[in-house]
>>> print(open('target07.txt').read())   # compact mmCIF, C-alpha atoms
# COMPACT_ATOMS: atom_id res chain seq x y z
CA MET A 1 -16.92 -118.82 -33.45
CA SER A 2 -16.27 -115.12 -33.92
CA ALA A 3 -19.26 -112.84 -33.40
CA ARG A 4 -17.72 -110.00 -35.40
CA PRO A 5 -19.66 -109.05 -38.52
CA ILE A 6 -17.74 -109.88 -41.67
CA ALA A 7 -18.04 -106.28 -42.91
CA THR A 8 -15.63 -105.10 -40.20
CA THR A 9 -12.89 -107.51 -41.15
CA ARG A 10 -12.96 -107.85 -44.94
CA SER A 11 -10.97 -105.51 -47.11
CA ALA A 12 -13.10 -104.77 -50.14
CA ALA A 13 -12.11 -102.38 -52.89
CA GLY A 14 -8.50 -102.04 -51.78
CA MET A 15 -9.03 -100.83 -48.23
CA PRO A 16 -10.82 -101.90 -45.03
CA THR A 17 -14.61 -101.64 -45.34
CA PRO A 18 -15.06 -99.27 -42.36
CA ARG A 19 -12.65 -96.79 -43.92
CA LEU A 20 -14.47 -97.08 -47.25
CA ALA A 21 -17.76 -96.51 -45.40
CA VAL A 22 -16.57 -93.35 -43.68
CA TRP A 23 -15.39 -91.92 -47.02
CA TRP A 24 -18.86 -92.59 -48.42
CA VAL A 25 -20.33 -90.76 -45.43
CA ILE A 26 -18.00 -87.84 -46.09
CA ALA A 27 -18.93 -87.78 -49.80
CA SER A 28 -22.61 -87.49 -48.87
CA GLU A 29 -21.81 -84.87 -46.22
CA ILE A 30 -19.99 -82.78 -48.84
CA VAL A 31 -23.24 -82.64 -50.81
CA ILE A 32 -25.20 -81.59 -47.69
CA PHE A 33 -22.78 -78.89 -46.52
CA GLY A 34 -21.82 -77.95 -50.09
CA GLY A 35 -25.45 -77.27 -50.99
CA LEU A 36 -25.92 -75.21 -47.86
CA LEU A 37 -22.73 -73.18 -48.29
CA GLY A 38 -23.32 -72.78 -52.04
CA SER A 39 -26.79 -71.36 -51.30
CA TYR A 40 -25.30 -69.04 -48.69
CA ILE A 41 -22.64 -67.76 -51.12
CA MET A 42 -25.10 -67.01 -53.92
CA HIS A 43 -27.43 -65.16 -51.54
CA ARG A 44 -24.54 -63.29 -49.94
CA LEU A 45 -23.16 -62.14 -53.31
CA ALA A 46 -26.56 -60.95 -54.45
CA HIS A 47 -27.49 -58.98 -51.34
CA GLY A 48 -25.39 -56.09 -50.15
CA ALA A 49 -27.58 -55.81 -47.07
CA TRP A 50 -26.18 -59.09 -45.78
CA ALA A 51 -22.85 -57.40 -45.13
CA GLU A 52 -24.69 -55.34 -42.54
CA HIS A 53 -25.99 -58.46 -40.79
CA ALA A 54 -22.66 -60.31 -41.10
CA ALA A 55 -20.94 -57.39 -39.36
CA ASN A 56 -22.68 -58.53 -36.20
CA THR A 57 -20.97 -61.93 -35.94
CA ASN A 58 -18.10 -62.12 -33.46
CA THR A 59 -14.78 -62.80 -35.26
CA ALA A 60 -12.87 -63.40 -32.00
CA ILE A 61 -15.28 -66.15 -30.98
CA GLY A 62 -15.17 -67.69 -34.47
CA ALA A 63 -11.35 -67.62 -34.44
CA THR A 64 -11.23 -69.17 -30.95
CA ASN A 65 -13.49 -71.99 -32.10
CA THR A 66 -11.29 -72.52 -35.17
CA PHE A 67 -8.26 -72.82 -32.88
CA VAL A 68 -10.14 -75.28 -30.65
CA LEU A 69 -11.20 -77.49 -33.59
CA LEU A 70 -7.73 -77.46 -35.20
CA THR A 71 -6.21 -78.48 -31.86
CA SER A 72 -8.78 -81.25 -31.39
CA SER A 73 -7.92 -82.48 -34.89
CA LEU A 74 -4.26 -82.70 -33.82
CA PHE A 75 -5.30 -84.87 -30.86
CA ALA A 76 -7.42 -87.06 -33.20
CA VAL A 77 -4.48 -87.73 -35.52
CA LEU A 78 -2.19 -88.41 -32.53
CA ALA A 79 -4.80 -90.92 -31.30
CA HIS A 80 -4.65 -92.59 -34.71
CA GLN A 81 -0.85 -92.66 -34.53
CA ALA A 82 -0.99 -94.31 -31.07
CA ALA A 83 -3.55 -96.86 -32.33
CA GLU A 84 -1.29 -97.72 -35.27
CA LYS A 85 1.46 -98.48 -32.77
CA GLY A 86 -0.95 -100.68 -30.78
CA ASP A 87 -1.04 -98.36 -27.76
CA GLY A 88 -4.78 -98.38 -27.02
CA LYS A 89 -4.52 -96.51 -23.71
CA LYS A 90 -2.64 -93.64 -25.28
CA ALA A 91 -5.08 -93.58 -28.21
CA ALA A 92 -8.01 -93.43 -25.76
CA ARG A 93 -6.35 -90.58 -23.86
CA PHE A 94 -5.97 -88.54 -27.06
CA LEU A 95 -9.57 -89.34 -28.01
CA TYR A 96 -10.71 -87.95 -24.65
CA PHE A 97 -8.70 -84.77 -25.33
CA THR A 98 -10.38 -84.55 -28.74
CA THR A 99 -13.80 -84.92 -27.13
CA LEU A 100 -12.91 -82.19 -24.64
CA GLY A 101 -12.06 -79.96 -27.61
CA GLY A 102 -15.49 -80.70 -29.07
CA LEU A 103 -17.14 -79.93 -25.74
CA LEU A 104 -15.29 -76.62 -25.49
CA PHE A 105 -16.36 -75.78 -29.06
CA VAL A 106 -20.02 -76.46 -28.24
CA CYS A 107 -19.84 -74.43 -24.99
CA ILE A 108 -18.31 -71.44 -26.81
CA LYS A 109 -21.00 -71.74 -29.49
CA ALA A 110 -23.73 -71.87 -26.84
CA PHE A 111 -22.34 -68.68 -25.26
CA GLU A 112 -22.13 -67.00 -28.67
CA TRP A 113 -25.69 -67.93 -29.65
CA THR A 114 -27.07 -66.87 -26.29
CA THR A 115 -25.50 -63.42 -26.74
CA GLU A 116 -26.80 -63.07 -30.28
CA ILE A 117 -30.30 -64.27 -29.48
CA SER A 118 -30.49 -61.95 -26.46
CA HIS A 119 -29.61 -59.08 -28.83
CA GLY A 120 -32.57 -59.93 -31.04
CA MET A 121 -30.72 -61.82 -33.76
CA THR A 122 -32.75 -65.01 -34.02
CA ILE A 123 -33.20 -67.66 -36.71
CA SER A 124 -36.36 -65.90 -37.89
CA SER A 125 -34.90 -62.35 -37.94
CA ASN A 126 -34.04 -62.53 -41.66
CA THR A 127 -32.56 -64.86 -44.28
CA PHE A 128 -28.96 -64.16 -43.24
CA TRP A 129 -29.55 -65.26 -39.65
CA SER A 130 -31.59 -68.25 -40.88
CA PHE A 131 -28.54 -69.38 -42.87
CA TYR A 132 -26.20 -68.58 -39.99
CA TYR A 133 -28.07 -70.66 -37.41
CA THR A 134 -28.85 -73.49 -39.86
CA ALA A 135 -25.24 -73.88 -41.09
CA ALA A 136 -23.62 -73.48 -37.67
CA GLY A 137 -26.37 -75.61 -36.05
CA ILE A 138 -25.98 -78.54 -38.46
CA HIS A 139 -22.22 -78.32 -37.97
CA ALA A 140 -22.58 -78.29 -34.17
CA ALA A 141 -24.86 -81.35 -34.42
CA HIS A 142 -22.04 -83.13 -36.28
CA VAL A 143 -19.59 -82.11 -33.54
CA ILE A 144 -21.91 -83.53 -30.84
CA ALA A 145 -22.46 -86.77 -32.81
CA GLY A 146 -18.69 -87.12 -33.26
CA MET A 147 -18.09 -86.63 -29.53
CA ILE A 148 -20.60 -89.33 -28.61
CA ILE A 149 -19.13 -91.84 -31.09
CA MET A 150 -15.61 -90.92 -29.95
CA LEU A 151 -16.44 -91.77 -26.33
CA PHE A 152 -17.61 -95.23 -27.41
CA VAL A 153 -14.47 -95.74 -29.52
CA ALA A 154 -12.23 -94.54 -26.66
CA ARG A 155 -13.86 -97.04 -24.29
CA THR A 156 -12.94 -100.02 -26.49
CA ALA A 157 -9.55 -98.55 -27.45
CA LYS A 158 -8.67 -98.31 -23.76
CA ARG A 159 -8.98 -102.11 -23.59
CA ASN A 160 -6.79 -102.39 -26.71
CA GLU A 161 -9.79 -103.61 -28.71
CA GLU A 162 -11.09 -102.50 -32.13
CA LEU A 163 -8.21 -100.06 -32.58
CA HIS A 164 -9.05 -99.63 -36.29
CA ARG A 165 -12.07 -97.58 -35.17
CA VAL A 166 -9.74 -94.82 -33.92
CA GLU A 167 -8.75 -93.97 -37.48
CA ILE A 168 -12.37 -94.07 -38.70
CA ILE A 169 -13.71 -91.61 -36.12
CA GLY A 170 -10.59 -89.49 -36.69
CA ILE A 171 -11.31 -89.16 -40.43
CA TYR A 172 -14.88 -88.09 -39.61
CA TRP A 173 -13.62 -85.56 -37.04
CA HIS A 174 -11.14 -84.02 -39.48
CA PHE A 175 -13.96 -83.62 -41.99
CA VAL A 176 -16.02 -81.73 -39.38
CA ASP A 177 -12.93 -79.54 -38.90
CA VAL A 178 -12.69 -78.93 -42.68
CA VAL A 179 -16.34 -77.82 -42.80
CA TRP A 180 -15.64 -75.28 -40.05
CA ILE A 181 -12.55 -74.07 -41.91
CA PHE A 182 -14.95 -72.91 -44.67
CA LEU A 183 -17.74 -71.73 -42.37
CA PHE A 184 -15.36 -69.45 -40.47
CA PRO A 185 -14.45 -67.05 -43.34
CA LEU A 186 -17.99 -67.17 -44.75
CA LEU A 187 -19.77 -66.26 -41.51
CA TYR A 188 -17.13 -64.35 -39.55
CA ILE A 189 -14.58 -62.82 -41.94
CA ALA A 190 -16.48 -61.69 -45.07
CA LYS A 191 -18.17 -58.55 -43.72
CA MET B 1 -2.27 -97.29 -43.77
CA SER B 2 0.61 -99.19 -42.18
CA ALA B 3 2.62 -98.10 -39.16
CA GLU B 4 5.65 -97.62 -41.41
CA GLU B 5 3.80 -94.99 -43.41
CA HIS B 6 2.89 -93.08 -40.27
CA HIS B 7 4.56 -89.79 -39.45
CA GLU B 8 6.23 -88.81 -36.21
CA THR B 9 4.47 -86.69 -33.59
CA SER B 10 6.66 -83.69 -34.41
CA PHE B 11 5.39 -83.79 -38.01
CA TYR B 12 1.76 -83.48 -36.90
CA VAL B 13 2.61 -80.72 -34.42
CA LYS B 14 4.40 -78.86 -37.23
CA ILE B 15 1.32 -79.14 -39.49
CA TRP B 16 -0.86 -77.90 -36.60
CA GLY B 17 1.50 -74.93 -36.13
CA ILE B 18 1.30 -74.04 -39.84
CA LEU B 19 -2.51 -74.27 -39.67
CA LEU B 20 -2.51 -71.82 -36.74
CA VAL B 21 -0.24 -69.39 -38.61
CA LEU B 22 -2.60 -69.58 -41.60
CA LEU B 23 -5.52 -68.93 -39.24
CA VAL B 24 -3.85 -65.74 -38.02
CA VAL B 25 -3.16 -64.63 -41.62
CA SER B 26 -6.81 -65.29 -42.57
CA ILE B 27 -7.92 -63.00 -39.72
CA VAL B 28 -5.35 -60.23 -40.21
CA GLY B 29 -5.52 -60.09 -44.05
CA PRO B 30 -9.16 -58.93 -44.34
CA MET B 31 -8.48 -56.15 -41.78
CA ALA B 32 -6.86 -54.19 -44.64
CA GLU B 33 -10.38 -54.03 -46.17
CA ILE B 34 -9.08 -54.65 -49.69
CA GLN B 35 -11.50 -56.94 -51.51
CA TRP B 36 -8.97 -59.05 -53.44
CA LEU B 37 -6.80 -59.42 -50.36
CA THR B 38 -9.83 -60.57 -48.33
CA LEU B 39 -10.66 -63.17 -50.99
CA VAL B 40 -7.09 -64.47 -51.03
CA THR B 41 -6.42 -64.43 -47.29
CA ALA B 42 -9.84 -65.61 -46.11
CA PHE B 43 -11.03 -68.01 -48.81
CA GLY B 44 -7.74 -68.90 -50.51
CA ILE B 45 -6.20 -69.79 -47.17
CA ALA B 46 -9.33 -71.76 -46.20
CA CYS B 47 -8.72 -73.93 -49.28
CA VAL B 48 -5.05 -74.38 -48.32
CA LYS B 49 -5.98 -75.30 -44.73
CA ALA B 50 -8.63 -77.79 -45.91
CA TYR B 51 -6.08 -79.38 -48.29
CA MET B 52 -3.50 -79.64 -45.49
CA VAL B 53 -5.99 -81.33 -43.15
CA ALA B 54 -7.19 -83.71 -45.89
CA VAL B 55 -3.64 -84.75 -46.85
CA ASN B 56 -1.79 -84.70 -43.53
CA PHE B 57 -4.50 -85.63 -41.00
CA MET B 58 -7.04 -87.59 -43.09
CA HIS B 59 -4.28 -89.14 -45.25
CA ILE B 60 -6.49 -88.95 -48.33
CA ASN B 61 -3.39 -89.30 -50.53
CA MET B 62 -2.84 -92.78 -49.06
CA THR B 63 -6.33 -94.04 -49.94
CA PRO B 64 -7.08 -95.72 -53.30
CA ARG B 65 -7.40 -93.22 -56.11
CA TYR B 66 -11.14 -93.80 -56.52
CA VAL B 67 -11.75 -92.19 -53.11
CA ILE B 68 -10.25 -88.97 -54.45
CA TYR B 69 -12.48 -89.32 -57.54
CA LEU B 70 -15.48 -89.87 -55.25
CA VAL B 71 -14.81 -86.73 -53.23
CA THR B 72 -14.02 -84.71 -56.37
CA THR B 73 -17.29 -85.86 -57.98
CA THR B 74 -19.33 -84.54 -55.04
CA LEU B 75 -17.47 -81.23 -55.25
CA VAL B 76 -18.29 -81.05 -58.98
CA PHE B 77 -21.97 -81.74 -58.14
CA MET B 78 -21.81 -78.80 -55.75
CA LEU B 79 -20.46 -76.55 -58.50
CA LEU B 80 -23.16 -77.79 -60.90
CA PHE B 81 -25.81 -76.97 -58.30
CA PHE B 82 -24.31 -73.50 -57.86
CA ALA B 83 -24.17 -72.88 -61.62
CA GLY B 84 -27.76 -74.08 -62.06
CA ALA B 85 -29.35 -72.25 -59.14
CA ALA B 86 -27.34 -69.02 -58.96
CA PRO B 87 -28.82 -67.34 -62.08
CA ASP B 88 -32.28 -67.41 -60.45
CA VAL B 89 -31.29 -66.95 -56.82
CA MET B 90 -29.03 -63.99 -57.49
CA LYS B 91 -31.77 -62.02 -59.27
CA ASP B 92 -34.63 -60.14 -57.57
CA SER B 93 -37.00 -60.51 -60.50
CA GLY B 94 -37.47 -62.26 -63.83
CA THR B 95 -40.16 -63.13 -66.37
CA ASN B 96 -43.46 -63.33 -64.46
CA TRP B 97 -41.83 -63.47 -61.02
CA VAL B 98 -40.57 -61.00 -58.47
CA LYS B 99 -39.20 -61.12 -54.88
CA PRO B 100 -40.84 -58.11 -53.20
CA ALA B 101 -39.33 -58.74 -49.74
CA TRP B 102 -35.79 -58.84 -51.11
CA ILE B 103 -36.32 -55.75 -53.25
CA ALA B 104 -37.66 -53.89 -50.20
CA GLU B 105 -34.71 -55.01 -48.06
CA GLU B 106 -32.16 -53.95 -50.67
CA ALA B 107 -33.96 -50.62 -51.23
CA ALA B 108 -33.86 -49.95 -47.48
CA TYR B 109 -30.15 -50.80 -47.42
CA GLU B 110 -29.43 -48.56 -50.42
CA ALA B 111 -31.38 -45.75 -48.71
CA GLY B 112 -29.09 -46.01 -45.71
CA GLU B 113 -31.50 -47.73 -43.35
CA HIS B 114 -29.17 -50.05 -41.53
CA PRO B 115 -31.11 -52.65 -39.52
CA VAL B 116 -28.16 -53.52 -37.24
CA GLN B 117 -27.41 -49.91 -36.49
CA GLN B 118 -31.09 -49.41 -35.67
CA LEU B 119 -30.94 -52.40 -33.37
CA HIS B 120 -27.97 -50.93 -31.46
CA GLU B 121 -29.68 -47.56 -31.23
CA ALA B 122 -32.78 -49.24 -29.86
CA GLU B 123 -30.68 -51.06 -27.25
CA GLN B 124 -28.92 -47.89 -26.20
CA GLY B 125 -32.33 -46.22 -25.88
CA GLU B 126 -33.42 -49.01 -23.53
CA HIS B 127 -30.33 -48.50 -21.33
CA HIS B 128 -30.99 -44.76 -21.08
>>> encode(input="target07.txt", output="structure tokens")
Amino acid sequence: MSARPIATTRSAAGMPTPRLAVWWVIASEIVIFGGLLGSYIMHRLAHGAWAEHAANTNTAIGATNTFVLLTSSLFAVLAHQAAEKGDGKKAARFLYFTTLGGLLFVCIKAFEWTTEISHGMTISSNTFWSFYYTAAGIHAAHVIAGMIIMLFVARTAKRNEELHRVEIIGIYWHFVDVVWIFLFPLLYIAK
Amino acid sequence: MSAEEHHETSFYVKIWGILLVLLVVSIVGPMAEIQWLTLVTAFGIACVKAYMVAVNFMHINMTPRYVIYLVTTTLVFMLLFFAGAAPDVMKDSGTNWVKPAWIAEEAAYEAGEHPVQQLHEAEQGEHH
């Protein structure tokens, strides 16, 4: 008798349940990040002084992290492509590359935050920096969560098992990338 | 999505290349310091990049149509939230309420007291 839960195998509502589930997750995440970014935009538009604070964020670091996330997204979609072809080992390899991209992103962010905090720009300095650390922090938490899940998925994919999971974690990872695509101009470009 | 519907590796690399070019444009455009150009190059291009990732990497166009409706609905909720909250948030005062800290911060900014500049000056003072 199969021990797999029925939810992983049935195809409700015109697509596999796990894929439906991840789209529901993304819909709820849009509300979370959308509320946060919407609040940031209305505060930013109303307060000229925020331009002064925003001038202190490092565009080069933000751009580097955008490059890193876009590249990791490429690896995620190539992992999905390999999984579709039934090549679990190749899919796992691309998932490891994606995870490395996430790790690099987090390391760069840690360096960036350390520099800013050491210059006196902390989460309690003013409302701009509160938004900055909250938005980037919640996003970084999503990156870390994605990396952990990806390592689990890669482990099973390597054995050519549960290959459908590669697409699911990939969709989540691309969403994290999309959030950063909007955070980058808001926090690093609009000065 | 079936294997037949899947693109070749070169297709994904091409999309990645376009995304990188757009990234460069979104950085270079605002350097001209023209407001409308900043809006177009930074935020307009962000929308284009997000669309490209959603369609080409997330394959949202290959999901059932109700998924697109689901995502669109949450985006509409976000706009409703913005429209409902912005009139209060974007004002410093109203009937029977005032935000003294914000008014003070804006007044200081208008008066030319730049907190970041002061921070740098303080740091330079420490080095000397």
>>> atom_distance(input="target07.txt", atom1="atom CA of Phe97 of chain A", atom2="atom CA of Ile68 of chain B")
29.5 Å
>>> interface_residues(input="target07.txt", of="chain B", to="chain A", cutoff="6 Å", atoms="all atoms listed in the file", output="list in words")
Ala3, Ala42, Ala46, Ala50, Phe57, Met58, Val71, Met78, Phe82, Ala86, Met90 and Tyr109 of chain B
>>> write_last_selection(input="target07.txt", atoms="C-alpha atoms", output="PDB file, in the frame of the given file")
ATOM      1  CA  ALA B   3       2.620 -98.100 -39.160  1.00  0.00           C
ATOM      2  CA  ALA B  42      -9.840 -65.610 -46.110  1.00  0.00           C
ATOM      3  CA  ALA B  46      -9.330 -71.760 -46.200  1.00  0.00           C
ATOM      4  CA  ALA B  50      -8.630 -77.790 -45.910  1.00  0.00           C
ATOM      5  CA  PHE B  57      -4.500 -85.630 -41.000  1.00  0.00           C
ATOM      6  CA  MET B  58      -7.040 -87.590 -43.090  1.00  0.00           C
ATOM      7  CA  VAL B  71     -14.810 -86.730 -53.230  1.00  0.00           C
ATOM      8  CA  MET B  78     -21.810 -78.800 -55.750  1.00  0.00           C
ATOM      9  CA  PHE B  82     -24.310 -73.500 -57.860  1.00  0.00           C
ATOM     10  CA  ALA B  86     -27.340 -69.020 -58.960  1.00  0.00           C
ATOM     11  CA  MET B  90     -29.030 -63.990 -57.490  1.00  0.00           C
ATOM     12  CA  TYR B 109     -30.150 -50.800 -47.420  1.00  0.00           C
TER      13      TYR B 109
END
>>> atom_distance(input="target07.txt", atom1="atom CA of His142 of chain A", atom2="atom CA of Cys107 of chain A")
14.4 Å
>>> residues_around(input="target07.txt", residues="Val68 of chain A", least_positions_apart="4", cutoff="9 Å", atoms="all atoms listed in the file", output="PyMOL selection string")
chain A and resi 63-64+72-73+101-102+104-105
>>> axis_aligned_box(input="target07.txt", around="segment 8-22 of chain B", padding_each_side="6 Å", output="lines of an AutoDock Vina configuration file")
center_x = 2.0
center_y = -79.1
center_z = -37.6
size_x = 21.3
size_y = 31.4
size_z = 20.0
>>> atom_distance(input="target07.txt", atom1="atom CA of Ile138 of chain A", atom2="atom CA of Val76 of chain B")
22.1 Å
>>> residues_around(input="target07.txt", residues="Thr99 of chain A", least_positions_apart="5", cutoff="9 Å", atoms="only C-alpha atoms", output="compact mmCIF listing (two decimals) with C-alpha atoms, keeping the file's coordinate frame")
# COMPACT_ATOMS: atom_id res chain seq x y z
CA SER A 72 -8.78 -81.25 -31.39
CA PHE A 94 -5.97 -88.54 -27.06
CA LEU A 104 -15.29 -76.62 -25.49
CA GLY A 146 -18.69 -87.12 -33.26
CA MET A 147 -18.09 -86.63 -29.53
CA ILE A 148 -20.60 -89.33 -28.61
CA MET A 150 -15.61 -90.92 -29.95
CA LEU A 151 -16.44 -91.77 -26.33
>>> build_atoms(input="target07.txt", residues="segment 66-95 of chain A", atoms="N, CA and C atoms", output="PDB file, in the frame of the given file")
ATOM      1  N   THR A  66     -12.140 -71.918 -34.131  1.00  0.00           N
ATOM      2  CA  THR A  66     -11.290 -72.520 -35.170  1.00  0.00           C
ATOM      3  C   THR A  66     -10.040 -73.111 -34.522  1.00  0.00           C
ATOM      4  N   PHE A  67      -9.447 -72.347 -33.609  1.00  0.00           N
ATOM      5  CA  PHE A  67      -8.260 -72.820 -32.880  1.00  0.00           C
ATOM      6  C   PHE A  67      -8.587 -74.115 -32.104  1.00  0.00           C
ATOM      7  N   VAL A  68      -9.733 -74.106 -31.449  1.00  0.00           N
ATOM      8  CA  VAL A  68     -10.140 -75.280 -30.650  1.00  0.00           C
ATOM      9  C   VAL A  68     -10.303 -76.512 -31.551  1.00  0.00           C
ATOM     10  N   LEU A  69     -10.976 -76.342 -32.704  1.00  0.00           N
ATOM     11  CA  LEU A  69     -11.200 -77.490 -33.590  1.00  0.00           C
ATOM     12  C   LEU A  69      -9.897 -77.990 -34.228  1.00  0.00           C
ATOM     13  N   LEU A  70      -9.023 -77.043 -34.611  1.00  0.00           N
ATOM     14  CA  LEU A  70      -7.730 -77.460 -35.200  1.00  0.00           C
ATOM     15  C   LEU A  70      -6.912 -78.242 -34.175  1.00  0.00           C
ATOM     16  N   THR A  71      -6.955 -77.782 -32.922  1.00  0.00           N
ATOM     17  CA  THR A  71      -6.210 -78.480 -31.860  1.00  0.00           C
ATOM     18  C   THR A  71      -6.815 -79.864 -31.598  1.00  0.00           C
ATOM     19  N   SER A  72      -8.143 -79.939 -31.612  1.00  0.00           N
ATOM     20  CA  SER A  72      -8.780 -81.250 -31.390  1.00  0.00           C
ATOM     21  C   SER A  72      -8.448 -82.202 -32.539  1.00  0.00           C
ATOM     22  N   SER A  73      -8.298 -81.650 -33.746  1.00  0.00           N
ATOM     23  CA  SER A  73      -7.920 -82.480 -34.890  1.00  0.00           C
ATOM     24  C   SER A  73      -6.504 -83.039 -34.705  1.00  0.00           C
ATOM     25  N   LEU A  74      -5.625 -82.216 -34.106  1.00  0.00           N
ATOM     26  CA  LEU A  74      -4.260 -82.700 -33.820  1.00  0.00           C
ATOM     27  C   LEU A  74      -4.331 -83.890 -32.864  1.00  0.00           C
ATOM     28  N   PHE A  75      -5.160 -83.759 -31.815  1.00  0.00           N
ATOM     29  CA  PHE A  75      -5.300 -84.870 -30.860  1.00  0.00           C
ATOM     30  C   PHE A  75      -5.859 -86.117 -31.549  1.00  0.00           C
ATOM     31  N   ALA A  76      -6.808 -85.911 -32.492  1.00  0.00           N
ATOM     32  CA  ALA A  76      -7.420 -87.060 -33.200  1.00  0.00           C
ATOM     33  C   ALA A  76      -6.368 -87.807 -34.015  1.00  0.00           C
ATOM     34  N   VAL A  77      -5.482 -87.054 -34.687  1.00  0.00           N
ATOM     35  CA  VAL A  77      -4.480 -87.730 -35.520  1.00  0.00           C
ATOM     36  C   VAL A  77      -3.408 -88.377 -34.632  1.00  0.00           C
ATOM     37  N   LEU A  78      -3.143 -87.783 -33.462  1.00  0.00           N
ATOM     38  CA  LEU A  78      -2.190 -88.410 -32.530  1.00  0.00           C
ATOM     39  C   LEU A  78      -2.790 -89.700 -31.938  1.00  0.00           C
ATOM     40  N   ALA A  79      -4.115 -89.691 -31.762  1.00  0.00           N
ATOM     41  CA  ALA A  79      -4.800 -90.920 -31.300  1.00  0.00           C
ATOM     42  C   ALA A  79      -4.646 -92.015 -32.347  1.00  0.00           C
ATOM     43  N   HIS A  80      -4.806 -91.635 -33.610  1.00  0.00           N
ATOM     44  CA  HIS A  80      -4.650 -92.590 -34.710  1.00  0.00           C
ATOM     45  C   HIS A  80      -3.226 -93.148 -34.731  1.00  0.00           C
ATOM     46  N   GLN A  81      -2.254 -92.246 -34.537  1.00  0.00           N
ATOM     47  CA  GLN A  81      -0.850 -92.660 -34.530  1.00  0.00           C
ATOM     48  C   GLN A  81      -0.595 -93.681 -33.410  1.00  0.00           C
ATOM     49  N   ALA A  82      -1.157 -93.394 -32.218  1.00  0.00           N
ATOM     50  CA  ALA A  82      -0.990 -94.310 -31.070  1.00  0.00           C
ATOM     51  C   ALA A  82      -1.654 -95.657 -31.365  1.00  0.00           C
ATOM     52  N   ALA A  83      -2.828 -95.623 -31.993  1.00  0.00           N
ATOM     53  CA  ALA A  83      -3.550 -96.860 -32.330  1.00  0.00           C
ATOM     54  C   ALA A  83      -2.748 -97.695 -33.327  1.00  0.00           C
ATOM     55  N   GLU A  84      -2.118 -97.013 -34.284  1.00  0.00           N
ATOM     56  CA  GLU A  84      -1.290 -97.720 -35.270  1.00  0.00           C
ATOM     57  C   GLU A  84      -0.136 -98.448 -34.599  1.00  0.00           C
ATOM     58  N   LYS A  85       0.355 -97.862 -33.498  1.00  0.00           N
ATOM     59  CA  LYS A  85       1.460 -98.480 -32.770  1.00  0.00           C
ATOM     60  C   LYS A  85       0.964 -99.503 -31.746  1.00  0.00           C
ATOM     61  N   GLY A  86      -0.356 -99.689 -31.690  1.00  0.00           N
ATOM     62  CA  GLY A  86      -0.950-100.680 -30.780  1.00  0.00           C
ATOM     63  C   GLY A  86      -1.090-100.215 -29.345  1.00  0.00           C
ATOM     64  N   ASP A  87      -0.918 -98.911 -29.113  1.00  0.00           N
ATOM     65  CA  ASP A  87      -1.040 -98.360 -27.760  1.00  0.00           C
ATOM     66  C   ASP A  87      -2.463 -97.832 -27.560  1.00  0.00           C
ATOM     67  N   GLY A  88      -3.371 -98.729 -27.173  1.00  0.00           N
ATOM     68  CA  GLY A  88      -4.780 -98.380 -27.020  1.00  0.00           C
ATOM     69  C   GLY A  88      -5.037 -97.342 -25.945  1.00  0.00           C
ATOM     70  N   LYS A  89      -4.305 -97.445 -24.829  1.00  0.00           N
ATOM     71  CA  LYS A  89      -4.520 -96.510 -23.710  1.00  0.00           C
ATOM     72  C   LYS A  89      -4.175 -95.082 -24.121  1.00  0.00           C
ATOM     73  N   LYS A  90      -3.047 -94.963 -24.823  1.00  0.00           N
ATOM     74  CA  LYS A  90      -2.640 -93.640 -25.280  1.00  0.00           C
ATOM     75  C   LYS A  90      -3.643 -93.105 -26.306  1.00  0.00           C
ATOM     76  N   ALA A  91      -4.095 -93.984 -27.190  1.00  0.00           N
ATOM     77  CA  ALA A  91      -5.080 -93.580 -28.210  1.00  0.00           C
ATOM     78  C   ALA A  91      -6.354 -93.086 -27.516  1.00  0.00           C
ATOM     79  N   ALA A  92      -6.789 -93.820 -26.489  1.00  0.00           N
ATOM     80  CA  ALA A  92      -8.010 -93.430 -25.760  1.00  0.00           C
ATOM     81  C   ALA A  92      -7.821 -92.065 -25.103  1.00  0.00           C
ATOM     82  N   ARG A  93      -6.620 -91.859 -24.536  1.00  0.00           N
ATOM     83  CA  ARG A  93      -6.350 -90.580 -23.860  1.00  0.00           C
ATOM     84  C   ARG A  93      -6.462 -89.419 -24.859  1.00  0.00           C
ATOM     85  N   PHE A  94      -5.883 -89.600 -26.039  1.00  0.00           N
ATOM     86  CA  PHE A  94      -5.970 -88.540 -27.060  1.00  0.00           C
ATOM     87  C   PHE A  94      -7.408 -88.359 -27.538  1.00  0.00           C
ATOM     88  N   LEU A  95      -8.166 -89.466 -27.594  1.00  0.00           N
ATOM     89  CA  LEU A  95      -9.570 -89.340 -28.010  1.00  0.00           C
ATOM     90  C   LEU A  95     -10.373 -88.546 -26.967  1.00  0.00           C
TER      91      LEU A  95
END
